Structures are given as structure tokens and as C-alpha cells.
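**Q** What follows is work-v1.tsv, made up of TSV, C-alpha atoms:
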chain	number	residue	atom	x	y	z
C	1153	MET	CA	20.23	-17.09	-4.49
C	1154	SER	CA	21.18	-14.15	-6.71
C	1155	HIS	CA	18.89	-12.12	-8.93
C	1156	LYS	CA	20.82	-13.39	-11.98
C	1157	LEU	CA	20.03	-16.98	-11.15
C	1158	TYR	CA	16.37	-16.04	-10.69
C	1159	ARG	CA	16.38	-14.49	-14.17
C	1160	LEU	CA	17.74	-17.70	-15.64
C	1161	MET	CA	15.07	-19.69	-13.80
C	1162	GLU	CA	12.44	-17.42	-15.33
C	1163	SER	CA	13.84	-18.19	-18.79
C	1164	VAL	CA	13.40	-21.92	-18.09
C	1165	TYR	CA	9.92	-21.81	-16.57
C	1166	ASN	CA	6.92	-20.53	-18.53
C	1167	THR	CA	8.93	-20.58	-21.78
C	1168	PRO	CA	8.48	-23.05	-24.65
C	1169	HIS	CA	11.58	-25.12	-25.38
C	1170	LEU	CA	12.63	-27.43	-28.16
C	1171	ILE	CA	14.22	-29.97	-25.85
C	1172	THR	CA	13.53	-33.47	-24.63
C	1173	PRO	CA	11.53	-33.59	-21.36
C	1174	SER	CA	14.19	-35.86	-19.84
C	1175	ALA	CA	16.82	-33.21	-20.53
C	1176	LEU	CA	14.64	-30.34	-19.29
C	1177	LYS	CA	13.96	-31.93	-15.89
C	1178	PRO	CA	17.57	-31.98	-14.59
C	1179	ILE	CA	17.98	-28.35	-15.65
C	1180	ILE	CA	14.92	-27.42	-13.62
C	1181	ASP	CA	16.07	-29.53	-10.68
C	1182	TYR	CA	19.52	-27.93	-10.79
C	1183	LEU	CA	18.20	-24.37	-10.82
C	1184	GLU	CA	15.72	-25.04	-8.03
C	1185	LYS	CA	18.20	-26.70	-5.69
C	1186	ARG	CA	21.42	-24.86	-6.35
C	1187	ASN	CA	22.14	-21.49	-4.76
C	1188	TYR	CA	25.83	-21.43	-5.73
C	1189	PRO	CA	27.65	-20.70	-8.08
C	1190	GLU	CA	25.38	-18.69	-10.36
C	1191	PHE	CA	24.76	-18.54	-14.09
C	1192	ALA	CA	24.30	-15.30	-15.99
C	1193	PHE	CA	23.76	-14.19	-19.55
C	1194	ILE	CA	26.76	-12.45	-21.03
C	1195	PRO	CA	26.85	-9.67	-23.65
C	1196	ASP	CA	26.72	-10.61	-27.31
C	1197	ASP	CA	30.20	-9.27	-28.05
C	1198	THR	CA	31.90	-11.62	-25.59
C	1199	VAL	CA	30.86	-14.88	-27.27
C	1200	LYS	CA	33.78	-17.26	-27.28
C	1201	ASN	CA	34.85	-18.64	-30.64
C	1202	GLN	CA	35.02	-22.42	-30.43
C	1203	SER	CA	35.26	-23.21	-34.14
C	1204	SER	CA	38.23	-24.83	-35.82
C	1205	ALA	CA	39.36	-24.55	-39.42
C	1206	LYS	CA	41.99	-26.31	-41.50
C	1207	SER	CA	42.76	-23.74	-44.17
C	1208	GLU	CA	44.85	-26.19	-46.19
C	1209	CYS	CA	41.82	-28.37	-46.82
C	1210	LYS	CA	39.22	-25.61	-46.51
C	1211	LEU	CA	37.19	-27.61	-44.00
C	1212	GLY	CA	35.89	-26.16	-40.74
C	1213	GLN	CA	34.06	-27.58	-37.74
C	1214	ILE	CA	31.47	-26.20	-35.33
C	1215	SER	CA	30.71	-28.20	-32.19
C	1216	VAL	CA	27.15	-28.14	-30.88
C	1217	ASP	CA	27.44	-29.54	-27.35
C	1218	GLY	CA	24.98	-29.52	-24.47
C	1219	ALA	CA	21.75	-27.56	-24.09
C	1220	MET	CA	21.35	-24.65	-26.50
C	1221	THR	CA	20.36	-21.09	-25.66
C	1222	TYR	CA	19.88	-17.96	-27.73
C	1223	ARG	CA	22.61	-16.03	-25.91
C	1224	PRO	CA	25.79	-17.56	-24.43
C	1225	VAL	CA	25.58	-18.56	-20.76
C	1226	TYR	CA	28.57	-18.42	-18.39
C	1227	GLY	CA	29.10	-20.75	-15.47
C	1228	ALA	CA	30.74	-19.81	-12.17
C	1229	CYS	CA	34.21	-20.70	-13.42
C	1230	GLY	CA	33.94	-18.42	-16.42
C	1231	GLU	CA	33.38	-21.10	-19.03
C	1232	THR	CA	30.38	-21.22	-21.34
C	1233	GLU	CA	27.63	-23.68	-20.55
C	1234	GLY	CA	26.20	-25.51	-23.56
C	1235	THR	CA	26.07	-23.80	-26.94
C	1236	SER	CA	24.39	-20.57	-28.02
C	1237	TYR	CA	22.75	-19.81	-31.35
C	1238	GLN	CA	24.68	-16.56	-31.46
C	1239	SER	CA	28.03	-18.34	-31.12
C	1240	ILE	CA	27.09	-20.86	-33.83
C	1241	LEU	CA	26.44	-18.05	-36.30
C	1242	GLU	CA	29.58	-16.18	-35.25
C	1243	GLN	CA	31.65	-19.30	-35.89
C	1244	ALA	CA	29.98	-19.83	-39.26
C	1245	TYR	CA	30.80	-16.26	-40.33
C	1246	TYR	CA	34.38	-16.69	-39.10
C	1247	LEU	CA	34.89	-19.93	-41.02
C	1248	ILE	CA	33.48	-18.42	-44.19
C	1249	ASP	CA	35.86	-15.46	-43.82
C	1250	GLU	CA	38.69	-17.98	-43.46
C	1251	GLY	CA	37.81	-19.38	-46.87
C	1252	VAL	CA	36.42	-22.82	-46.00
C	1253	ASP	CA	34.20	-24.53	-48.53
C	1254	THR	CA	32.86	-27.20	-46.15
C	1255	ILE	CA	31.50	-26.78	-42.63
C	1256	VAL	CA	30.93	-29.83	-40.43
C	1257	MET	CA	28.59	-29.36	-37.48
C	1258	VAL	CA	29.12	-32.05	-34.83
C	1259	TYR	CA	26.15	-32.61	-32.50
C	1260	SER	CA	25.92	-33.85	-28.93
C	1261	SER	CA	22.88	-31.87	-27.82
C	1262	PRO	CA	19.47	-32.63	-26.25
C	1263	GLY	CA	18.04	-29.40	-27.69
C	1264	GLY	CA	17.31	-26.08	-26.02
C	1265	GLN	CA	15.45	-22.80	-26.23
C	1266	ALA	CA	12.86	-22.32	-28.95
C	1267	ALA	CA	13.55	-18.58	-29.28
C	1268	HIS	CA	15.66	-17.88	-32.39
C	1269	CYS	CA	16.16	-21.59	-33.14
C	1270	PHE	CA	14.45	-21.62	-36.54
C	1271	SER	CA	15.85	-18.26	-37.60
C	1272	THR	CA	19.35	-19.51	-36.73
C	1273	ALA	CA	18.80	-22.67	-38.76
C	1274	ASN	CA	17.51	-20.66	-41.73
C	1275	GLU	CA	20.43	-18.24	-41.54
C	1276	LEU	CA	22.90	-21.14	-41.53
C	1277	ARG	CA	21.27	-22.48	-44.68
C	1278	ALA	CA	21.27	-19.05	-46.32
C	1279	LEU	CA	24.95	-18.51	-45.47
C	1280	ALA	CA	25.85	-21.86	-46.99
C	1281	ASP	CA	23.91	-21.11	-50.17
C	1282	GLU	CA	25.24	-17.57	-50.55
C	1283	ASN	CA	28.87	-18.66	-50.10
C	1284	ASN	CA	28.75	-22.01	-51.92
C	1285	ILE	CA	29.47	-23.87	-48.69
C	1286	LYS	CA	28.79	-27.57	-48.27
C	1287	LEU	CA	27.11	-27.95	-44.87
C	1288	ILE	CA	27.35	-31.36	-43.20
C	1289	SER	CA	25.78	-32.38	-39.89
C	1290	TYR	CA	27.40	-35.22	-37.98
C	1291	ILE	CA	25.34	-36.52	-35.07
C	1292	ASP	CA	27.99	-37.93	-32.79
C	1293	GLU	CA	25.82	-38.64	-29.73
C	1294	MET	CA	22.47	-36.88	-30.01
C	1295	ALA	CA	20.71	-34.17	-31.99
C	1296	ALA	CA	17.33	-33.87	-30.30
C	1297	SER	CA	14.62	-31.29	-30.82
C	1298	ALA	CA	16.40	-27.93	-31.39
C	1299	GLY	CA	19.51	-29.90	-32.32
C	1300	LEU	CA	17.51	-31.66	-35.02
C	1301	ALA	CA	16.03	-28.33	-36.16
C	1302	LEU	CA	19.55	-27.10	-36.88
C	1303	SER	CA	20.87	-30.34	-38.33
C	1304	VAL	CA	18.18	-30.82	-40.98
C	1305	VAL	CA	19.15	-27.66	-42.88
C	1306	SER	CA	22.45	-29.32	-43.86
C	1307	ASP	CA	23.17	-30.78	-47.27
C	1308	GLU	CA	23.73	-34.09	-45.51
C	1309	VAL	CA	22.90	-35.46	-42.07
C	1310	ILE	CA	25.25	-38.27	-41.08
C	1311	ILE	CA	24.73	-40.12	-37.82
C	1312	HIS	CA	26.99	-42.34	-35.72
C	1313	PRO	CA	25.67	-45.90	-35.24
C	1314	SER	CA	25.33	-45.28	-31.49
C	1315	ALA	CA	23.71	-41.87	-31.79
C	1316	SER	CA	20.07	-40.84	-31.85
C	1317	THR	CA	17.93	-38.00	-33.18
C	1318	GLY	CA	14.31	-36.89	-33.17
C	1319	SER	CA	11.99	-35.37	-30.57
C	1320	VAL	CA	10.21	-33.04	-33.00
C	1321	GLY	CA	8.00	-31.16	-30.58
C	1322	CYS	CA	7.71	-28.42	-27.99
C	1323	VAL	CA	7.49	-28.62	-24.19
C	1324	CYS	CA	6.85	-25.97	-21.53
C	1325	ALA	CA	7.25	-26.44	-17.76
C	1326	ILE	CA	5.06	-24.54	-15.28
C	1327	VAL	CA	4.69	-25.01	-11.51
C	1328	ASP	CA	1.44	-24.60	-9.57
C	1329	TYR	CA	2.38	-23.43	-6.05
C	1330	SER	CA	-1.23	-22.81	-4.93
C	1331	LYS	CA	-1.53	-25.85	-2.62
C	1332	ALA	CA	1.87	-25.18	-1.04
C	1333	LEU	CA	0.92	-21.55	-0.42
C	1334	ASP	CA	-2.41	-22.59	1.05
C	1335	LYS	CA	-0.68	-25.03	3.39
C	1336	ALA	CA	1.70	-22.28	4.48
C	1337	GLY	CA	-1.21	-19.94	5.16
C	1338	ILE	CA	-0.29	-17.60	2.32
C	1339	LYS	CA	-3.03	-16.24	0.05
C	1340	PRO	CA	-1.88	-14.48	-3.12
C	1341	ILE	CA	-4.04	-11.56	-4.25
C	1342	TYR	CA	-3.87	-10.26	-7.80
C	1343	ILE	CA	-5.34	-6.89	-8.71
C	1344	ALA	CA	-5.33	-6.41	-12.47
C	1345	SER	CA	-6.69	-3.81	-14.86
C	1346	THR	CA	-8.18	-6.57	-17.00
C	1347	PRO	CA	-8.72	-10.31	-16.30
C	1348	GLY	CA	-6.28	-11.35	-18.99
C	1349	LYS	CA	-3.42	-9.50	-17.27
C	1350	THR	CA	-2.96	-12.32	-14.77
C	1351	GLY	CA	-3.12	-16.03	-15.43
C	1352	PHE	CA	-4.19	-17.02	-11.90
C	1353	ASN	CA	-7.41	-17.85	-10.11
C	1354	ASP	CA	-8.22	-16.38	-6.69
C	1355	ASP	CA	-6.57	-19.35	-4.95
C	1356	GLY	CA	-3.30	-18.87	-6.86
C	1357	SER	CA	-3.83	-21.78	-9.26
C	1358	PHE	CA	-3.52	-21.24	-13.00
C	1359	SER	CA	-6.73	-20.18	-14.73
C	1360	GLU	CA	-8.22	-22.36	-17.43
C	1361	LYS	CA	-7.88	-19.48	-19.88
C	1362	PHE	CA	-4.15	-19.23	-19.19
C	1363	LEU	CA	-3.64	-22.99	-19.57
C	1364	THR	CA	-5.68	-23.08	-22.78
C	1365	GLU	CA	-3.68	-20.21	-24.30
C	1366	LEU	CA	-0.39	-21.74	-23.21
C	1367	GLN	CA	-1.38	-25.09	-24.76
C	1368	LYS	CA	-2.23	-23.27	-28.00
C	1369	ASP	CA	1.16	-21.52	-28.03
C	1370	VAL	CA	2.99	-24.80	-27.42
C	1371	THR	CA	0.95	-26.62	-30.08
C	1372	ASP	CA	1.49	-23.82	-32.61
C	1373	LEU	CA	5.24	-23.90	-32.00
C	1374	GLY	CA	5.24	-27.68	-32.37
C	1375	ASN	CA	3.44	-27.33	-35.71
C	1376	GLN	CA	5.94	-24.68	-36.79
C	1377	PHE	CA	8.70	-27.14	-35.92
C	1378	ALA	CA	7.03	-29.87	-38.00
C	1379	ASN	CA	6.77	-27.51	-40.97
C	1380	HIS	CA	10.43	-26.56	-40.58
C	1381	VAL	CA	11.49	-30.22	-40.69
C	1382	HIS	CA	9.19	-30.82	-43.67
C	1383	GLN	CA	10.76	-27.90	-45.54
C	1384	PHE	CA	14.25	-29.38	-45.36
C	1385	THR	CA	13.54	-33.13	-45.42
C	1386	GLY	CA	10.42	-33.46	-47.53
C	1387	ILE	CA	8.77	-35.66	-44.90
C	1388	PRO	CA	5.01	-34.92	-44.87
C	1389	VAL	CA	3.93	-32.76	-41.93
C	1390	ALA	CA	1.31	-35.32	-40.92
C	1391	ASP	CA	4.02	-38.01	-40.71
C	1392	ILE	CA	6.25	-35.75	-38.63
C	1393	LEU	CA	3.45	-35.02	-36.17
C	1394	ALA	CA	2.65	-38.74	-36.06
C	1395	MET	CA	6.21	-39.36	-34.82
C	1396	ASP	CA	4.90	-38.00	-31.50
C	1397	ALA	CA	8.31	-36.53	-30.55
C	1398	LYS	CA	9.94	-39.97	-30.66
C	1399	MET	CA	13.72	-40.34	-30.53
C	1400	TYR	CA	15.15	-42.58	-33.26
C	1401	SER	CA	18.23	-44.76	-33.39
C	1402	ALA	CA	20.66	-44.23	-36.26
C	1403	GLU	CA	19.15	-46.83	-38.59
C	1404	GLU	CA	15.61	-45.73	-37.74
C	1405	ALA	CA	16.51	-42.08	-38.38
C	1406	VAL	CA	17.67	-42.93	-41.90
C	1407	GLU	CA	14.58	-45.03	-42.48
C	1408	VAL	CA	12.15	-42.23	-41.56
C	1409	GLY	CA	14.19	-39.54	-43.35
C	1410	LEU	CA	15.72	-37.58	-40.46
C	1411	ALA	CA	19.25	-38.62	-41.45
C	1412	ASN	CA	20.90	-39.61	-44.73
C	1413	LYS	CA	23.74	-41.96	-43.78
C	1414	VAL	CA	25.15	-43.94	-40.87
C	1415	MET	CA	28.93	-43.70	-40.36
C	1416	ASP	CA	31.20	-44.40	-37.41
C	1417	HIS	CA	34.14	-42.11	-36.67
C	1418	ARG	CA	36.56	-43.95	-38.95
C	1419	GLU	CA	34.12	-44.00	-41.84
C	1420	PHE	CA	33.25	-40.34	-41.36
C	1421	ALA	CA	36.93	-39.35	-41.26
C	1422	ALA	CA	37.50	-41.23	-44.51
C	1423	TYR	CA	34.49	-39.50	-46.03
C	1424	LEU	CA	35.86	-36.08	-45.07
C	1425	GLU	CA	39.23	-37.04	-46.51
C	1426	GLN	CA	37.50	-37.90	-49.76
C	1427	ILE	CA	35.82	-34.49	-49.77
C	1428	ARG	CA	39.16	-32.83	-49.09
C	1429	SER	CA	40.83	-34.56	-52.03
C	1430	ASP	CA	38.01	-33.90	-54.50
Can you give me the file's structure in the form of C-alpha cells?
**A**
Amino acid sequence: MSHKLYRLMESVYNTPHLITPSALKPIIDYLEKRNYPEFAFIPDDTVKNQSSAKSECKLGQISVDGAMTYRPVYGACGETEGTSYQSILEQAYYLIDEGVDTIVMVYSSPGGQAAHCFSTANELRALADENNIKLISYIDEMAASAGLALSVVSDEVIIHPSASTGSVGCVCAIVDYSKALDKAGIKPIYIASTPGKTGFNDDGSFSEKFLTELQKDVTDLGNQFANHVHQFTGIPVADILAMDAKMYSAEEAVEVGLANKVMDHREFAAYLEQIRSD
């Protein structure tokens, strides 16, 4: 397995994510089992532009598909995997330069990395305000966790009857290899300048201090997420936390305030046509 794949594994483990646990597990399984082809982060200036604009109606679209990362990720065949926050902002700037007055963000995403998620969402909102852009989120299949964090900054969140949204929370995956190492006759030894430099006990298991601090970080990020959703939806923070990272169907999402309207594809197309003609 290449060093690049190991680096990507490190970005999955021990890192808080705004993603559903069910979506995080297959990513972990994939990276642990697969030793071909590899994934690698690519430079910022090679982000592919996947936006589309119809200059005659001044309406542009940004697709948010798959797991989200801060930087774009390339697969073995040279195509991007999922969606990056950097590419979303690049597309938004491009569409604004093209003169659109409405941007539709179409979501089919289980969420993704926590890093830069909220700043990306806030920048999208600021760009829309500064350029008098109407920002519409259309949840086509799913906008979970980080997907929801981006969607709620829109002027409207419209959801397909078969779609779902929610999972306001943070999750972090760690693996304790101490028993496996002990069974293999391997004893890890950590020599540190200060106890806090390593998060392991003498037997290789995670120390209570490390686990306590990690839990605090994850809880703090979850609370930050709840405050972010409150800022743009008005839902009380206590009510958001009480959702317990639940995923909601379309009708439920409107009822609790995570979405504004339910529209199928035909209804949404007619709605966009109405906006175009206004």
C-alpha cells in the first residue's frame, strides 16, 4: 500500500467528521482492505470545475455529490472522488463572474470532513449576500451532516419527497490495536518528553486522558454544529441537540425546520422556471 494511501487513512482515522456513521464505516473498510488503486490529495490549482450556468436565465448549478473533503481527492482513474469544499467555492466564484443571480446547490451527500466545513458554508452565504445572489439548496437524495451544514445557509432549502436530511453531530473513529499486538507478541514502547505527548498506555491501549480529551473535542464540534444550524434556521440549540443526530424524511425535515418546502423534480423545475421569468 502506498504512502499516499496511508496519508488518506490518517485523515480518516483520529479526525472528527461531520458524516453519518453508516457512511463513514464503508470508507474505513475500503481504505483498510484496498491496496490498489490509490487515492491522493491534489493541489488546489487543479480543482476541476463541475458547475453549470445558463447565462440566458442567469441561473447556475453546483452539484454536491458523495463524501465531502476540504481538498479535492483523485481516484486511480484520474477522476475526482466526492466533492471538495474548495471546488464548491471555486464554482460559486465562477458562476458569480458569469453574472448569475441564482445559484442552485443540488445535494446527494452523506457529509464529510469537519475541517473548513463551517467556514465554507459561511463564505457561501457571504458571497450570496455581497453579490445579491439567491441561493437555493435542493436535496435530491440526501444532505446529511456536513451536507446539511452547507444547505442551511441558503435562502431556501427544498427537499425531494424521497430525500432525507439531518444527522447534526460529529463522529470520530479510532482503532485500539493493543490486544492484536499483544497476541502477536509485539509490545509498543513510547518514550515521550511529557506524558501528554502520547495518548497511549504502556500496553498500547488509549489512555483515559486521551479518550476524555477526544470526547471533549468531538462534543465541542457537535455543539459548534448545533449553533451553526441555529444561526441559519432559528431552531433553538437545545432542540437541535435533542434531535440526537437523527435523519429526517422530507416531511419531517420541514416540520422540524431543517427544510422549507417539499418538491419533486417536476415541481422544482417549474419553480425554477418561475424564478427565471420573474
**Q** Extract, using only C-alpha atoms, all DNA, RNA and protein residues at most 8 Å from segment 1331-1342 of chain C, discarding same-chain residues fewer than 6 positions from it, and format them as a PyMOL selection string.
**A** chain C and resi 1350+1352+1354-1356
**Q** I'd like the interatomic distance between atom CA of Val1406 of chain C and atom CA of Leu1247 of chain C, to a tenth of an Å.
**A**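 Computed distance, atom CA of Val1406 of chain C to atom CA of Leu1247 of chain C, equals 28.7 Å.
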**Q** Smallest atom-to-atom distance to Ile1248 of chain C: which of C:Ile1310, C:Ile1326, C:Leu1276, C:Val1389, using only C-alpha atoms?
**A**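 Ranked by minimum distance to Ile1248 of chain C, first place goes to C:Leu1276.
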**Q** Measure the distance from atom CA of Met1399 of chain C to atom CA of Ser1271 of chain C in Å and round it to one decimal.
**A**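 It comes out at 23.3 Å.
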**Q** Considering all atoms listed in the file, can you say which of C:Leu1211, C:Val1370, C:Ala1219, C:Ser1330 comes closest to Glu1233 of chain C?
**A**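 Using all atoms listed in the file, Glu1233 of chain C sits closest to C:Ala1219.
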**Q** Neighbours of Ala1405 of chain C within 10 Å (only C-alpha atoms; same-chain residues fewer than 2 positions away dropped), as an mmCIF file with C-alpha atoms, in the frame of the given file?
**A**
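Result file follows (result_17.cif):
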data_model
loop_
_atom_site.group_PDB
_atom_site.id
_atom_site.type_symbol
_atom_site.label_atom_id
_atom_site.label_comp_id
_atom_site.auth_asym_id
_atom_site.auth_seq_id
_atom_site.Cartn_x
_atom_site.Cartn_y
_atom_site.Cartn_z
ATOM 1 C CA VAL C 1309 22.900 -35.460 -42.070
ATOM 2 C CA ILE C 1310 25.250 -38.270 -41.080
ATOM 3 C CA ILE C 1311 24.730 -40.120 -37.820
ATOM 4 C CA ALA C 1315 23.710 -41.870 -31.790
ATOM 5 C CA SER C 1316 20.070 -40.840 -31.850
ATOM 6 C CA THR C 1317 17.930 -38.000 -33.180
ATOM 7 C CA GLY C 1318 14.310 -36.890 -33.170
ATOM 8 C CA MET C 1399 13.720 -40.340 -30.530
ATOM 9 C CA TYR C 1400 15.150 -42.580 -33.260
ATOM 10 C CA SER C 1401 18.230 -44.760 -33.390
ATOM 11 C CA ALA C 1402 20.660 -44.230 -36.260
ATOM 12 C CA GLU C 1403 19.150 -46.830 -38.590
ATOM 13 C CA GLU C 1407 14.580 -45.030 -42.480
ATOM 14 C CA VAL C 1408 12.150 -42.230 -41.560
ATOM 15 C CA GLY C 1409 14.190 -39.540 -43.350
ATOM 16 C CA LEU C 1410 15.720 -37.580 -40.460
ATOM 17 C CA ALA C 1411 19.250 -38.620 -41.450
ATOM 18 C CA ASN C 1412 20.900 -39.610 -44.730
ATOM 19 C CA LYS C 1413 23.740 -41.960 -43.780
ATOM 20 C CA VAL C 1414 25.150 -43.940 -40.870
#
**Q** Take atom CA of Ala1421 of chain C and atom CA of Ile1240 of chain C and report the distance between them in Å, one decimal.
**A** 22.2 Å
**Q** Would you compute the box with edges along x, y and z of the file around segment 1256-1264 of chain C, including every atom the file lists for it and 5 Å extra on each side, and give its centre and edge lengths in Å to one decimal, as JSON?
**A**
{"center_x": 24.1, "center_y": -30.0, "center_z": -33.2, "size_x": 23.6, "size_y": 17.8, "size_z": 24.4}
**Q** Let me make sure I understand: among C:Lys1286, C:Met1415, C:Gly1212, C:Asn1274, which one has the smallest atom-to-atom distance to Glu1250 of chain C if we use all atoms listed in the file?
**A** C:Gly1212
**Q** May I ask which of the residues C:Arg1428, C:Arg1277, C:Lys1398, C:His1268 is the closest one to Val1320 of chain C, counting all atoms listed in the file?
**A**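 The shortest atom-to-atom distance to Val1320 of chain C comes from C:Lys1398.
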**Q** Residues at most 9 Å from Ile1285 of chain C, counting only C-alpha atoms, excluding those fewer than 4 positions away in the same chain, as a VMD selection string?
**A** chain C and resid 1248 1252 to 1255 1279 to 1281
**Q** Please write the residues from the selection above to a file, keeping C-alpha atoms, as an mmCIF file, keeping the file's coordinate frame.
**A**
data_model
loop_
_atom_site.group_PDB
_atom_site.id
_atom_site.type_symbol
_atom_site.label_atom_id
_atom_site.label_comp_id
_atom_site.auth_asym_id
_atom_site.auth_seq_id
_atom_site.Cartn_x
_atom_site.Cartn_y
_atom_site.Cartn_z
ATOM 1 C CA ILE C 1248 33.480 -18.420 -44.190
ATOM 2 C CA VAL C 1252 36.420 -22.820 -46.000
ATOM 3 C CA ASP C 1253 34.200 -24.530 -48.530
ATOM 4 C CA THR C 1254 32.860 -27.200 -46.150
ATOM 5 C CA ILE C 1255 31.500 -26.780 -42.630
ATOM 6 C CA LEU C 1279 24.950 -18.510 -45.470
ATOM 7 C CA ALA C 1280 25.850 -21.860 -46.990
ATOM 8 C CA ASP C 1281 23.910 -21.110 -50.170
#
**Q** Considering all atoms listed in the file, can you say which of C:Ser1314, C:Gln1238, C:Asn1353, C:Gln1265 comes closest to Met1220 of chain C?
**A**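 Of C:Ser1314, C:Gln1238, C:Asn1353, C:Gln1265, the one nearest Met1220 of chain C is C:Gln1265, counting all atoms listed in the file.
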**Q** Here is a test: counting all atoms listed in the file, which residue of C:Glu1275, C:Asp1217, C:Glu1360, C:Glu1419 is nearest to Ala1296 of chain C?
**A**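 Using all atoms listed in the file, the shortest distance to Ala1296 of chain C belongs to C:Asp1217.
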